[in-house]
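Structure file target24.cif; described as mmCIF, C-alpha atoms.
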data_input
loop_
_atom_site.label_atom_id
_atom_site.label_comp_id
_atom_site.auth_asym_id
_atom_site.auth_seq_id
_atom_site.Cartn_x
_atom_site.Cartn_y
_atom_site.Cartn_z
CA MET J 1 0.00 0.00 0.00
CA GLN J 2 3.01 2.25 0.24
CA GLU J 3 3.65 2.60 -3.48
CA GLY J 4 3.21 6.23 -4.38
CA ASN J 5 2.31 7.07 -0.81
CA ALA J 6 5.67 8.52 0.13
CA PHE J 7 5.31 10.92 -2.79
CA ASP J 8 1.78 11.84 -1.67
CA VAL J 9 2.88 12.34 1.92
CA GLU J 10 5.63 14.68 0.79
CA LEU J 11 3.18 16.67 -1.34
CA HIS J 12 0.78 16.81 1.60
CA ARG J 13 3.55 18.07 3.88
CA ARG J 14 4.25 20.85 1.42
CA VAL J 15 0.56 21.72 1.14
CA ALA J 16 0.42 22.03 4.92
CA ALA J 17 3.27 24.52 4.63
CA GLY J 18 1.26 26.56 2.11
CA ASP J 19 2.93 25.33 -1.09
CA ASP J 20 0.68 26.18 -4.06
CA GLU J 21 2.55 23.99 -6.50
CA ALA J 22 2.22 20.90 -4.29
CA PHE J 23 -1.50 21.56 -3.98
CA ASP J 24 -1.85 21.73 -7.75
CA ARG J 25 0.14 18.52 -8.16
CA LEU J 26 -2.17 16.69 -5.77
CA TYR J 27 -5.09 18.10 -7.74
CA ARG J 28 -3.64 16.81 -11.00
CA ARG J 29 -2.94 13.43 -9.41
CA TYR J 30 -6.30 12.91 -7.67
CA GLY J 31 -8.64 15.37 -9.43
CA PRO J 32 -9.71 12.95 -12.21
CA ALA J 33 -10.33 10.03 -9.82
CA SER J 34 -12.16 12.37 -7.43
CA TYR J 35 -14.35 13.82 -10.15
CA ALA J 36 -15.21 10.39 -11.58
CA LEU J 37 -16.13 9.14 -8.11
CA ALA J 38 -18.18 12.22 -7.22
CA LEU J 39 -20.01 12.04 -10.55
CA ARG J 40 -20.65 8.34 -10.12
CA VAL J 41 -22.25 8.90 -6.71
CA THR J 42 -24.08 12.18 -7.27
CA ARG J 43 -24.97 11.65 -10.96
CA GLN J 44 -24.94 15.41 -11.48
CA PRO J 45 -21.90 17.29 -12.86
CA THR J 46 -22.70 20.43 -10.84
CA LEU J 47 -22.89 18.49 -7.59
CA ALA J 48 -19.78 16.51 -8.49
CA GLU J 49 -17.84 19.73 -9.05
CA GLU J 50 -19.01 21.03 -5.68
CA VAL J 51 -17.92 17.82 -3.99
CA VAL J 52 -14.45 17.93 -5.53
CA GLN J 53 -14.07 21.62 -4.75
CA GLU J 54 -15.09 21.11 -1.12
CA ALA J 55 -12.75 18.15 -0.71
CA PHE J 56 -9.73 20.03 -2.04
CA LEU J 57 -10.69 23.13 -0.09
CA SER J 58 -10.92 21.01 3.03
CA LEU J 59 -7.48 19.59 2.32
CA TRP J 60 -6.10 23.09 2.00
CA ARG J 61 -7.86 24.43 5.06
CA THR J 62 -7.23 21.55 7.47
CA PRO J 63 -4.31 19.50 6.18
CA GLU J 64 -3.74 18.21 9.71
CA ALA J 65 -6.85 16.05 9.28
CA PHE J 66 -4.59 13.58 7.45
CA ASP J 67 -2.37 11.57 9.77
CA PRO J 68 0.22 9.52 7.83
CA ALA J 69 0.39 7.08 10.74
CA ARG J 70 -3.23 6.04 10.16
CA GLY J 71 -3.12 5.09 6.50
CA THR J 72 -2.29 6.26 3.01
CA PHE J 73 -3.03 9.73 1.72
CA ARG J 74 -4.90 8.18 -1.21
CA ALA J 75 -7.34 6.33 1.07
CA PHE J 76 -7.77 9.40 3.25
CA PHE J 77 -8.46 11.80 0.43
CA LEU J 78 -10.63 9.59 -1.75
CA SER J 79 -12.66 8.63 1.33
CA LEU J 80 -13.11 12.32 2.01
CA VAL J 81 -14.42 12.79 -1.53
CA HIS J 82 -16.68 9.76 -1.14
CA HIS J 83 -18.11 10.96 2.17
CA ARG J 84 -18.80 14.38 0.71
CA ALA J 85 -20.49 12.82 -2.31
CA VAL J 86 -22.69 10.52 -0.24
CA ASP J 87 -23.59 13.32 2.16
CA THR J 88 -24.50 15.54 -0.79
CA VAL J 89 -26.74 12.89 -2.27
CA ARG J 90 -28.48 12.32 1.05
CA ARG J 91 -29.06 16.02 1.58
CA GLU J 92 -30.43 16.34 -1.93
CA GLU J 93 -32.72 13.42 -1.19
CA ARG J 94 -33.95 15.11 1.93
CA LEU J 95 -34.66 18.29 0.04
CA ARG J 96 -36.49 16.58 -2.77
CA SER J 97 -38.87 13.72 -2.50
CA ARG J 98 -36.99 10.48 -2.22
CA THR J 99 -35.86 9.15 -5.56
CA GLN J 100 -35.24 5.64 -6.68
CA ARG J 101 -31.49 5.43 -6.32
CA ALA J 102 -31.44 1.94 -7.75
CA GLN J 103 -32.50 3.31 -11.11
CA ASN J 104 -29.31 5.35 -11.18
CA LEU J 105 -26.97 2.48 -10.53
CA GLU J 106 -24.80 1.28 -13.33
CA PRO J 107 -22.00 -1.25 -13.45
CA VAL J 108 -18.73 -0.25 -11.85
CA ARG J 109 -17.11 0.06 -15.25
CA GLY J 110 -19.53 2.83 -16.23
CA GLU J 111 -16.79 5.44 -16.42
CA ASP J 112 -13.36 4.63 -17.63
CA VAL J 113 -10.19 6.63 -18.04
CA ALA J 114 -10.93 9.54 -20.32
CA GLU J 115 -8.56 9.98 -23.22
CA ASP J 116 -7.46 13.41 -22.07
CA VAL J 117 -6.43 12.22 -18.62
CA VAL J 118 -2.86 11.14 -18.11
CA GLU J 119 -2.75 9.19 -14.88
CA ASP J 120 0.17 8.00 -12.84
CA ALA J 121 0.99 4.37 -13.52
CA ASP J 122 0.41 3.28 -9.94
CA LEU J 123 -3.18 4.55 -9.98
CA VAL J 124 -3.87 2.82 -13.28
CA ARG J 125 -2.55 -0.46 -11.91
CA ARG J 126 -4.49 -0.11 -8.68
CA ARG J 127 -7.71 0.60 -10.58
CA GLU J 128 -7.25 -2.59 -12.53
CA ARG J 129 -6.64 -4.59 -9.37
CA ILE J 130 -9.68 -3.32 -7.49
CA ARG J 131 -11.88 -3.90 -10.53
CA GLN J 132 -10.64 -7.45 -10.81
CA ALA J 133 -11.24 -7.95 -7.11
CA LEU J 134 -14.79 -6.59 -7.43
CA ASP J 135 -15.48 -8.79 -10.43
CA ALA J 136 -14.33 -11.81 -8.45
CA LEU J 137 -16.89 -11.23 -5.68
CA PRO J 138 -20.05 -13.35 -5.63
CA ALA J 139 -22.80 -11.37 -7.37
CA GLU J 140 -24.85 -10.85 -4.20
CA GLN J 141 -21.86 -9.44 -2.34
CA ARG J 142 -20.83 -7.19 -5.21
CA GLN J 143 -24.37 -5.85 -5.42
CA VAL J 144 -24.34 -4.83 -1.75
CA ILE J 145 -20.99 -3.08 -2.12
CA GLU J 146 -22.11 -1.21 -5.23
CA LEU J 147 -25.41 -0.10 -3.69
CA ALA J 148 -23.63 1.08 -0.54
CA TYR J 149 -20.50 2.66 -1.98
CA PHE J 150 -21.54 3.94 -5.40
CA GLY J 151 -25.28 4.21 -4.74
CA GLY J 152 -24.83 5.98 -1.40
CA ALA J 153 -27.55 3.77 0.10
CA THR J 154 -27.75 2.97 3.79
CA GLN J 155 -27.91 -0.65 4.88
CA ALA J 156 -31.61 -0.30 5.72
CA ARG J 157 -32.28 1.04 2.22
CA ILE J 158 -30.31 -1.80 0.67
CA ALA J 159 -32.29 -4.35 2.70
CA GLU J 160 -35.49 -2.72 1.50
CA GLU J 161 -34.45 -2.63 -2.13
CA LEU J 162 -33.17 -6.19 -2.19
CA GLN J 163 -35.92 -7.44 0.12
CA ILE J 164 -33.50 -9.20 2.41
CA PRO J 165 -32.98 -8.88 6.19
CA ILE J 166 -30.64 -6.06 7.22
CA GLY J 167 -28.54 -8.66 9.05
CA THR J 168 -27.88 -10.30 5.68
CA VAL J 169 -26.79 -6.95 4.26
CA LYS J 170 -24.32 -6.54 7.11
CA THR J 171 -23.00 -10.08 6.74
CA ARG J 172 -22.56 -9.73 2.98
CA THR J 173 -20.87 -6.36 3.41
CA LEU J 174 -18.28 -7.71 5.82
CA ALA J 175 -17.72 -10.86 3.77
CA ALA J 176 -17.17 -8.75 0.65
CA MET J 177 -14.79 -6.37 2.37
CA ARG J 178 -12.78 -9.30 3.73
CA LYS J 179 -12.52 -10.82 0.26
CA LEU J 180 -11.43 -7.49 -1.18
CA ARG J 181 -8.84 -7.20 1.56
CA ARG J 182 -7.46 -10.64 0.74
CA ALA J 183 -7.48 -9.94 -2.98
CA LEU J 184 -5.61 -6.68 -2.53
CA SER J 185 -3.19 -8.07 0.03
CA PRO J 186 -0.36 -7.32 0.61
CA GLU J 187 -1.18 -3.85 -0.70
CA VAL J 188 -3.91 -3.31 1.90
CA MET Q 1 -11.96 -13.27 16.97
CA THR Q 2 -14.79 -12.91 19.53
CA ALA Q 3 -18.43 -12.42 18.60
CA ASP Q 4 -18.09 -8.85 19.87
CA HIS Q 5 -15.17 -8.19 17.57
CA GLU Q 6 -17.02 -9.78 14.67
CA ARG Q 7 -19.88 -7.39 15.33
CA ILE Q 8 -17.46 -4.46 15.62
CA GLU Q 9 -15.79 -5.34 12.33
CA GLU Q 10 -19.22 -5.57 10.72
CA LEU Q 11 -19.94 -2.05 11.94
CA LEU Q 12 -16.54 -0.79 10.80
CA ALA Q 13 -17.10 -2.26 7.33
CA GLY Q 14 -20.39 -0.38 6.99
CA TYR Q 15 -18.75 2.69 8.42
CA ALA Q 16 -15.94 2.64 5.86
CA LEU Q 17 -18.57 2.44 3.09
CA ARG Q 18 -20.62 5.20 4.78
CA SER Q 19 -23.67 2.98 4.65
CA LEU Q 20 -24.62 2.70 8.31
CA ASP Q 21 -28.00 3.85 9.49
CA ALA Q 22 -28.27 6.46 12.22
CA GLU Q 23 -28.26 4.15 15.22
CA ASP Q 24 -25.38 1.99 13.98
CA ALA Q 25 -23.47 5.08 12.90
CA ALA Q 26 -23.76 6.53 16.40
CA LEU Q 27 -22.54 3.22 17.82
CA ALA Q 28 -19.62 3.13 15.39
CA ASP Q 29 -18.71 6.71 16.25
CA ARG Q 30 -18.65 5.75 19.90
CA LEU Q 31 -16.54 2.64 19.24
CA LEU Q 32 -14.09 4.63 17.17
CA ALA Q 33 -13.71 7.13 19.96
CA GLU Q 34 -13.68 4.80 22.94
CA HIS Q 35 -12.70 1.24 21.97
CA VAL Q 36 -10.80 1.20 18.69
CA PRO Q 37 -7.88 3.43 19.75
CA SER Q 38 -6.96 0.99 22.53
CA CYS Q 39 -7.68 -2.28 20.68
CA PRO Q 40 -4.90 -3.29 18.27
CA SER Q 41 -7.03 -5.72 16.24
CA CYS Q 42 -9.89 -3.25 15.80
CA ARG Q 43 -7.45 -0.47 15.01
CA ARG Q 44 -5.88 -2.61 12.30
CA ALA Q 45 -9.29 -3.64 10.96
CA ALA Q 46 -10.49 -0.02 10.85
CA SER Q 47 -7.36 1.05 9.03
CA GLU Q 48 -7.54 -1.79 6.49
CA LEU Q 49 -11.24 -1.25 5.82
CA GLN Q 50 -10.58 2.43 5.26
CA GLU Q 51 -7.82 1.55 2.79
CA ILE Q 52 -10.19 -0.73 0.87
CA ALA Q 53 -12.79 2.06 0.73
CA GLY Q 54 -10.09 4.28 -0.75
CA GLU Q 55 -9.26 1.65 -3.36
CA LEU Q 56 -12.94 1.25 -4.25
CA ALA Q 57 -12.96 4.91 -5.24
CA LEU Q 58 -10.55 4.12 -8.05
CA ALA Q 59 -13.02 1.67 -9.55
CA ALA Q 60 -15.26 4.61 -10.49
CA GLY Q 61 -12.80 5.46 -13.24
CA SER Q 62 -11.07 8.70 -14.11
CA LEU Q 63 -12.59 11.79 -15.66
CA ALA Q 64 -10.95 15.14 -16.30
CA PRO Q 65 -12.67 17.74 -14.11
CA PRO Q 66 -13.93 20.84 -15.94
CA ASP Q 67 -11.09 23.24 -16.80
CA LEU Q 68 -12.57 25.99 -14.66
CA LEU Q 69 -12.69 23.89 -11.50
CA LEU Q 70 -9.07 24.36 -10.39
CA PRO Q 71 -9.20 28.17 -10.82
CA ARG Q 72 -12.43 28.14 -8.82
CA ILE Q 73 -10.74 26.13 -6.06
CA HIS Q 74 -7.85 28.61 -6.10
CA ARG Q 75 -10.28 31.48 -5.64
CA ALA Q 76 -11.97 29.62 -2.78
CA THR Q 77 -8.67 29.00 -1.01
CA GLU Q 78 -7.76 32.65 -1.44
CA ARG Q 79 -11.06 33.70 0.08
CA ALA Q 80 -10.47 31.20 2.87
CA ALA Q 81 -7.08 32.48 3.77
CA GLY Q 82 -6.74 36.05 2.66
CA SER Q 83 -3.55 34.78 1.08
CA ARG Q 84 -2.67 31.24 0.08
CA GLY Q 85 0.62 31.37 1.95
CA SER Q 86 -1.09 31.45 5.34
CA PRO Q 87 -4.23 29.43 4.94
CA HIS Q 88 -4.84 28.33 8.48
CA ARG Q 89 -4.74 31.46 10.58
CA SER Q 90 -6.99 34.49 10.74
CA PRO Q 91 -7.77 37.22 13.28
CA LEU Q 92 -9.48 36.36 16.53
CA LEU Q 93 -13.16 35.75 16.18
CA VAL Q 94 -15.41 36.85 19.00
CA LEU Q 95 -17.82 34.20 20.19
CA THR Q 96 -21.11 36.01 20.56
CA ALA Q 97 -23.59 35.60 23.38
CA GLY Q 98 -26.01 32.72 23.38
CA LEU Q 99 -25.50 29.12 22.54
CA VAL Q 100 -23.62 27.90 19.52
CA ALA Q 101 -23.72 24.41 18.10
CA LEU Q 102 -21.26 23.66 15.38
CA ALA Q 103 -21.94 20.62 13.30
CA ALA Q 104 -19.29 19.42 10.94
CA LEU Q 105 -18.44 16.43 8.79
CA GLY Q 106 -15.43 14.55 7.52
CA GLY Q 107 -12.74 12.07 8.47
CA LEU Q 108 -12.23 10.23 11.71
CA SER Q 109 -11.80 12.45 14.70
CA VAL Q 110 -9.93 12.58 17.97
CA SER Q 111 -11.81 12.04 21.20
CA LEU Q 112 -11.73 14.21 24.26
CA GLY Q 113 -10.06 11.40 26.15
CA THR Q 114 -6.83 11.96 24.27
CA ARG Q 115 -6.42 15.39 25.74
CA ALA Q 116 -4.11 15.89 28.68
CA SER Q 117 -6.53 17.59 31.00
CA GLU Q 118 -10.04 18.93 31.22
CA ALA Q 119 -8.81 22.52 31.02
CA GLU Q 120 -6.72 21.70 27.98
CA ALA Q 121 -9.66 19.89 26.43
CA GLN Q 122 -11.88 22.93 26.98
CA ARG Q 123 -9.29 25.20 25.43
CA GLY Q 124 -8.82 22.81 22.51
CA THR Q 125 -12.55 22.59 21.94
CA ALA Q 126 -12.88 26.37 22.03
CA LEU Q 127 -10.09 26.72 19.48
CA GLU Q 128 -11.68 24.10 17.24
CA ILE Q 129 -15.01 25.87 17.46
CA LEU Q 130 -13.41 29.15 16.51
CA SER Q 131 -11.55 27.48 13.67
CA VAL Q 132 -14.75 25.94 12.30
CA MET Q 133 -16.61 29.24 12.67
CA ARG Q 134 -13.92 30.98 10.63
CA SER Q 135 -14.10 28.43 7.86
CA PRO Q 136 -15.76 29.37 4.61
CA GLY Q 137 -18.88 27.47 3.73
CA THR Q 138 -20.21 27.45 7.29
CA THR Q 139 -23.94 27.99 7.55
CA PRO Q 140 -25.36 29.46 10.74
CA VAL Q 141 -28.88 28.38 11.51
CA GLY Q 142 -31.04 29.61 14.37
CA LEU Q 143 -31.94 26.96 16.93
CA ASP Q 144 -35.11 28.04 18.70
CA PRO Q 145 -35.82 27.85 22.43
CA GLN Q 146 -38.93 25.73 22.84
CA ALA Q 147 -41.81 26.44 25.22
CA GLY Q 148 -40.65 27.05 28.78
CA THR Q 149 -37.10 27.95 27.76
CA PRO Q 150 -35.96 31.55 28.29
CA ALA Q 151 -35.72 33.69 25.18
CA GLY Q 152 -32.21 34.89 24.42
CA THR Q 153 -30.69 31.48 24.99
CA GLY Q 154 -31.19 30.40 21.40
CA PHE Q 155 -28.67 28.15 19.74
CA VAL Q 156 -26.92 28.90 16.51
CA GLU Q 157 -26.02 25.79 14.54
CA VAL Q 158 -23.12 26.05 12.13
CA SER Q 159 -22.28 23.41 9.56
CA ALA Q 160 -18.85 22.94 8.06
CA PRO Q 161 -18.13 20.15 5.64
CA ASP Q 162 -14.78 18.83 6.74
CA VAL Q 163 -14.79 17.51 10.29
CA ARG Q 164 -17.00 14.73 11.65
CA ARG Q 165 -17.84 16.37 14.95
CA LEU Q 166 -20.64 18.19 16.66
CA TYR Q 167 -19.58 21.10 18.82
CA LEU Q 168 -21.74 22.70 21.48
CA ALA Q 169 -20.75 26.03 22.91
CA SER Q 170 -22.54 28.53 25.08
CA ASP Q 171 -21.87 31.41 27.39
CA ALA Q 172 -25.50 31.83 28.47
CA CYS Q 173 -26.89 28.36 29.01
CA PRO Q 174 -29.37 28.26 31.92
CA ASP Q 175 -28.83 25.68 34.64
CA PRO Q 176 -31.11 22.65 34.40
CA ALA Q 177 -33.44 21.86 37.30
CA PRO Q 178 -31.88 19.98 40.25
CA GLY Q 179 -31.32 16.34 39.35
CA HIS Q 180 -31.49 17.11 35.66
CA ALA Q 181 -28.98 17.58 32.82
CA TYR Q 182 -29.07 18.31 29.11
CA GLN Q 183 -29.09 15.66 26.38
CA VAL Q 184 -28.35 16.25 22.68
CA TRP Q 185 -30.47 14.34 20.17
CA LEU Q 186 -30.10 14.02 16.43
CA GLY Q 187 -33.11 13.16 14.35
CA SER Q 188 -33.72 11.58 11.01
CA ASP Q 189 -37.23 11.43 9.59
CA GLY Q 190 -38.67 12.13 13.04
CA THR Q 191 -36.69 9.42 14.84
CA PHE Q 192 -34.18 10.75 17.40
CA VAL Q 193 -31.09 9.12 18.87
CA PRO Q 194 -29.19 10.43 21.91
CA VAL Q 195 -25.69 11.73 21.16
CA GLY Q 196 -22.93 11.76 23.76
CA GLU Q 197 -23.26 12.01 27.52
CA MET Q 198 -25.58 14.40 29.31
CA PHE Q 199 -24.01 17.74 30.22
CA ARG Q 200 -24.50 20.69 32.54
CA PRO Q 201 -23.27 24.24 31.98
CA ASP Q 202 -20.50 25.58 34.20
CA GLY Q 203 -21.52 29.09 35.14
CA GLY Q 204 -23.54 29.31 31.93
CA VAL Q 205 -20.62 28.09 29.82
CA VAL Q 206 -20.80 24.96 27.68
CA LEU Q 207 -17.91 23.71 25.53
CA LEU Q 208 -18.45 20.20 24.25
CA GLU Q 209 -17.11 18.17 21.39
CA LEU Q 210 -19.13 15.13 20.33
CA VAL Q 211 -17.90 12.52 17.89
CA VAL Q 212 -20.83 12.04 15.58
CA ASP Q 213 -21.75 12.05 11.92
CA VAL Q 214 -24.18 14.91 11.60
CA SER Q 215 -24.75 14.31 7.91
CA ARG Q 216 -27.04 11.37 8.57
CA HIS Q 217 -29.53 13.53 10.41
CA ASP Q 218 -31.88 16.33 9.55
CA GLU Q 219 -32.70 17.76 12.97
CA VAL Q 220 -30.99 18.58 16.26
CA TRP Q 221 -32.78 18.79 19.61
CA ILE Q 222 -31.44 19.50 23.08
CA THR Q 223 -33.67 18.56 26.00
CA GLU Q 224 -33.52 18.61 29.77
CA GLU Q 225 -33.64 15.07 31.14
CA VAL Q 226 -33.37 13.33 34.51
CA ALA Q 227 -29.64 13.03 35.19
CA GLY Q 228 -28.13 9.55 35.22
CA THR Q 229 -30.85 8.02 33.08
CA ARG Q 230 -30.59 6.86 29.47
CA PRO Q 231 -33.84 8.13 27.91
CA SER Q 232 -34.87 6.53 24.64
CA SER Q 233 -36.67 9.58 23.29
CA PRO Q 234 -36.55 13.33 23.90
CA ARG Q 235 -38.59 14.65 26.80
CA THR Q 236 -41.65 16.57 25.68
CA ASP Q 237 -43.36 17.30 29.02
CA GLY Q 238 -41.31 20.27 30.21
CA GLY Q 239 -37.83 21.54 30.96
CA HIS Q 240 -35.59 23.67 28.79
CA SER Q 241 -35.35 22.64 25.17
CA TRP Q 242 -33.86 23.89 21.89
CA ARG Q 243 -34.55 22.53 18.46
CA ALA Q 244 -33.78 23.20 14.79
CA ALA Q 245 -33.54 21.62 11.37
CA LEU Q 246 -30.04 20.83 10.12
CA PRO Q 247 -29.05 22.28 6.75
#
Can you present the structure in this file as structure tokens?
Amino acid sequence: MQEGNAFDVELHRRVAAGDDEAFDRLYRRYGPASYALALRVTRQPTLAEEVVQEAFLSLWRTPEAFDPARGTFRAFFLSLVHHRAVDTVRREERLRSRTQRAQNLEPVRGEDVAEDVVEDADLVRRRERIRQALDALPAEQRQVIELAYFGGATQARIAEELQIPIGTVKTRTLAAMRKLRRALSPEV
Amino acid sequence: MTADHERIEELLAGYALRSLDAEDAALADRLLAEHVPSCPSCRRAASELQEIAGELALAAGSLAPPDLLLPRIHRATERAAGSRGSPHRSPLLVLTAGLVALAALGGLSVSLGTRASEAEAQRGTALEILSVMRSPGTTPVGLDPQAGTPAGTGFVEVSAPDVRRLYLASDACPDPAPGHAYQVWLGSDGTFVPVGEMFRPDGGVVLLELVVDVSRHDEVWITEEVAGTRPSSPRTDGGHSWRAALP
């Protein structure tokens, strides 16, 4: 899991010291993945832009929120983007009448690397590995992960949509995460 | 692994995916603050699950953000800091009279127990509150005293999108009745869950930091309850009370 992380940590250290160039480099490195994730979860370009902007602004404003001792910068920052995206979707849902999130779900490979994005090799390789690991999950476990992570659905909502007990949702979630952990080991 | 740890890991998995419902999320927040830091196996599990969640993000693909987004972020950071070279400091902000609740979202947080002393914790909480209040994007919302609660003790709730904490601050909080204390509740679709321990003001002053994910809720309510009890729903038959919708 350390590949590329030392570089990220150094960039983060420089951002904390107020280095504009390091901030822009982190944006170039994680902006495309962040935008794709935010768009996947929110399904609206305007909301996705807001999510990415807020995540990078948060990084700039409170860089101390990342503690290198607790994990990689990549996991920290992309989780921040994900949380913002899910929170945005849930707020939007509260404001509007509840929508059928399931209708918005598409396969994980819905967005691929755009031609005009030049990504670092380590991110490209990691994307391939996590996609392979997801593909290798039993269908019912993959479905729960996709509804939760990319659909922004709570476990109760997933149970309702799939018409299964919430305990089964929890069991499948943990089983899937353990399989992903094994598949990605020793990187994670 | 014990059944308890199996259950904890189940919660942590849902937590990493941000898919827990309000009650489980509150439980996970409490575990992360109270149990996980001192349990090596849970700490490792939490860290690994968080790493997997980060990897899952990559599966969404890669899309070039709009060209104007980075300049917009630059402008936002400039507004946030006055200058980009000193982004994290700004002049002293005066905490106005009344009660202030600051709700914020984001990554895992530190707990009060990690602080060296109560006085230091109070100072740290005050500084965090001021820091959040200075942050751009915060949204103050009036939190109204309910029937039987003196006017002029209204809360102001402020949301900031980067820290997963709820702050409560006051310099004019009335004392609860003898044998009573205040309880914070967060509600979602009319269902409320208690958040944190009950508290009492110290000479009208309240400075509290609660580890909680405010984003899962749409309402905040503070009620006066019988001290030492664990009520399952907010009291509606009297006592001081403040309530408001979350943004």
Task: Distance in Å - atom CA of Gly196 of chain Q versus atom CA of Arg84 of chain J - done: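 Those two atoms sit 23.6 Å apart.
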Open item on the list: With distances taken over all atoms listed in the file, which residue among J:Ala121, J:Val89, J:Leu47, J:Ala36 lies nearest chain Q?
Closed with: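 Of the candidates, the smallest distance to chain Q is held by J:Ala36.
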TODO: Go ahead and compute the interatomic distance for atom CA of Ser34 of chain J and atom CA of Glu9 of chain Q, in Å to one decimal.
DONE: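 If I compute the distance from atom CA of Ser34 of chain J to atom CA of Glu9 of chain Q, I get 26.8 Å.
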With only C-alpha atoms as the counted atoms, please give the residues lying no more than 8 Å from segment 16-33 of chain J, apart from itself and same-chain residues fewer than 2 positions off, as a CSV table (one decimal) with C-alpha atoms, in the frame of the given file.
chain,number,residue,atom,x,y,z
J,8,ASP,CA,1.8,11.8,-1.7
J,11,LEU,CA,3.2,16.7,-1.3
J,12,HIS,CA,0.8,16.8,1.6
J,13,ARG,CA,3.6,18.1,3.9
J,14,ARG,CA,4.2,20.8,1.4
J,35,TYR,CA,-14.4,13.8,-10.2
J,36,ALA,CA,-15.2,10.4,-11.6
J,37,LEU,CA,-16.1,9.1,-8.1
J,52,VAL,CA,-14.4,17.9,-5.5
J,56,PHE,CA,-9.7,20.0,-2.0
J,60,TRP,CA,-6.1,23.1,2.0
J,63,PRO,CA,-4.3,19.5,6.2
J,64,GLU,CA,-3.7,18.2,9.7
J,117,VAL,CA,-6.4,12.2,-18.6
J,119,GLU,CA,-2.8,9.2,-14.9
J,120,ASP,CA,0.2,8.0,-12.8
Q,57,ALA,CA,-13.0,4.9,-5.2
Q,58,LEU,CA,-10.6,4.1,-8.0
Q,60,ALA,CA,-15.3,4.6,-10.5
Q,61,GLY,CA,-12.8,5.5,-13.2
Q,62,SER,CA,-11.1,8.7,-14.1
Q,63,LEU,CA,-12.6,11.8,-15.7
Q,64,ALA,CA,-11.0,15.1,-16.3
Q,65,PRO,CA,-12.7,17.7,-14.1
Q,70,LEU,CA,-9.1,24.4,-10.4
Q,84,ARG,CA,-2.7,31.2,0.1
Q,85,GLY,CA,0.6,31.4,2.0
Q,86,SER,CA,-1.1,31.4,5.3
Q,87,PRO,CA,-4.2,29.4,4.9
- [ ] Name the residues that the PyMOL selection byres ((chain J) within 7 of (chain Q)) pulls out of this structure, and write them as a ChimeraX atom specification.
- [x] /J:18,31-33,35-37,40,53,57-58,61,70-71,74-76,78-80,83,87,108-109,111-114,116-117,127,130-131,148-149,152-156,170,173-174,177,181,188
Hey, can you spit out that residue selection with C-alpha atoms as a compact mmCIF listing (two decimals), in the coordinates of the input?
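Everything below was put into out_2.txt:
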# COMPACT_ATOMS: atom_id res chain seq x y z
CA GLY J 18 1.26 26.56 2.11
CA GLY J 31 -8.64 15.37 -9.43
CA PRO J 32 -9.71 12.95 -12.21
CA ALA J 33 -10.33 10.03 -9.82
CA TYR J 35 -14.35 13.82 -10.15
CA ALA J 36 -15.21 10.39 -11.58
CA LEU J 37 -16.13 9.14 -8.11
CA ARG J 40 -20.65 8.34 -10.12
CA GLN J 53 -14.07 21.62 -4.75
CA LEU J 57 -10.69 23.13 -0.09
CA SER J 58 -10.92 21.01 3.03
CA ARG J 61 -7.86 24.43 5.06
CA ARG J 70 -3.23 6.04 10.16
CA GLY J 71 -3.12 5.09 6.50
CA ARG J 74 -4.90 8.18 -1.21
CA ALA J 75 -7.34 6.33 1.07
CA PHE J 76 -7.77 9.40 3.25
CA LEU J 78 -10.63 9.59 -1.75
CA SER J 79 -12.66 8.63 1.33
CA LEU J 80 -13.11 12.32 2.01
CA HIS J 83 -18.11 10.96 2.17
CA ASP J 87 -23.59 13.32 2.16
CA VAL J 108 -18.73 -0.25 -11.85
CA ARG J 109 -17.11 0.06 -15.25
CA GLU J 111 -16.79 5.44 -16.42
CA ASP J 112 -13.36 4.63 -17.63
CA VAL J 113 -10.19 6.63 -18.04
CA ALA J 114 -10.93 9.54 -20.32
CA ASP J 116 -7.46 13.41 -22.07
CA VAL J 117 -6.43 12.22 -18.62
CA ARG J 127 -7.71 0.60 -10.58
CA ILE J 130 -9.68 -3.32 -7.49
CA ARG J 131 -11.88 -3.90 -10.53
CA ALA J 148 -23.63 1.08 -0.54
CA TYR J 149 -20.50 2.66 -1.98
CA GLY J 152 -24.83 5.98 -1.40
CA ALA J 153 -27.55 3.77 0.10
CA THR J 154 -27.75 2.97 3.79
CA GLN J 155 -27.91 -0.65 4.88
CA ALA J 156 -31.61 -0.30 5.72
CA LYS J 170 -24.32 -6.54 7.11
CA THR J 173 -20.87 -6.36 3.41
CA LEU J 174 -18.28 -7.71 5.82
CA MET J 177 -14.79 -6.37 2.37
CA ARG J 181 -8.84 -7.20 1.56
CA VAL J 188 -3.91 -3.31 1.90
- [ ] Excluding Glu140 of chain J and any residue of its chain fewer than 5 positions from it, enumerate the residues within 12 Å of it, using only C-alpha atoms, and give them as number ranges by chain.
- [x] J: 134-135, 145-147, 158, 162, 164, 168-169, 171-173, 175-176
Kindly export the residues of the current selection with C-alpha atoms, as a compact mmCIF listing (two decimals), in the coordinates of the input.
# COMPACT_ATOMS: atom_id res chain seq x y z
CA LEU J 134 -14.79 -6.59 -7.43
CA ASP J 135 -15.48 -8.79 -10.43
CA ILE J 145 -20.99 -3.08 -2.12
CA GLU J 146 -22.11 -1.21 -5.23
CA LEU J 147 -25.41 -0.10 -3.69
CA ILE J 158 -30.31 -1.80 0.67
CA LEU J 162 -33.17 -6.19 -2.19
CA ILE J 164 -33.50 -9.20 2.41
CA THR J 168 -27.88 -10.30 5.68
CA VAL J 169 -26.79 -6.95 4.26
CA THR J 171 -23.00 -10.08 6.74
CA ARG J 172 -22.56 -9.73 2.98
CA THR J 173 -20.87 -6.36 3.41
CA ALA J 175 -17.72 -10.86 3.77
CA ALA J 176 -17.17 -8.75 0.65
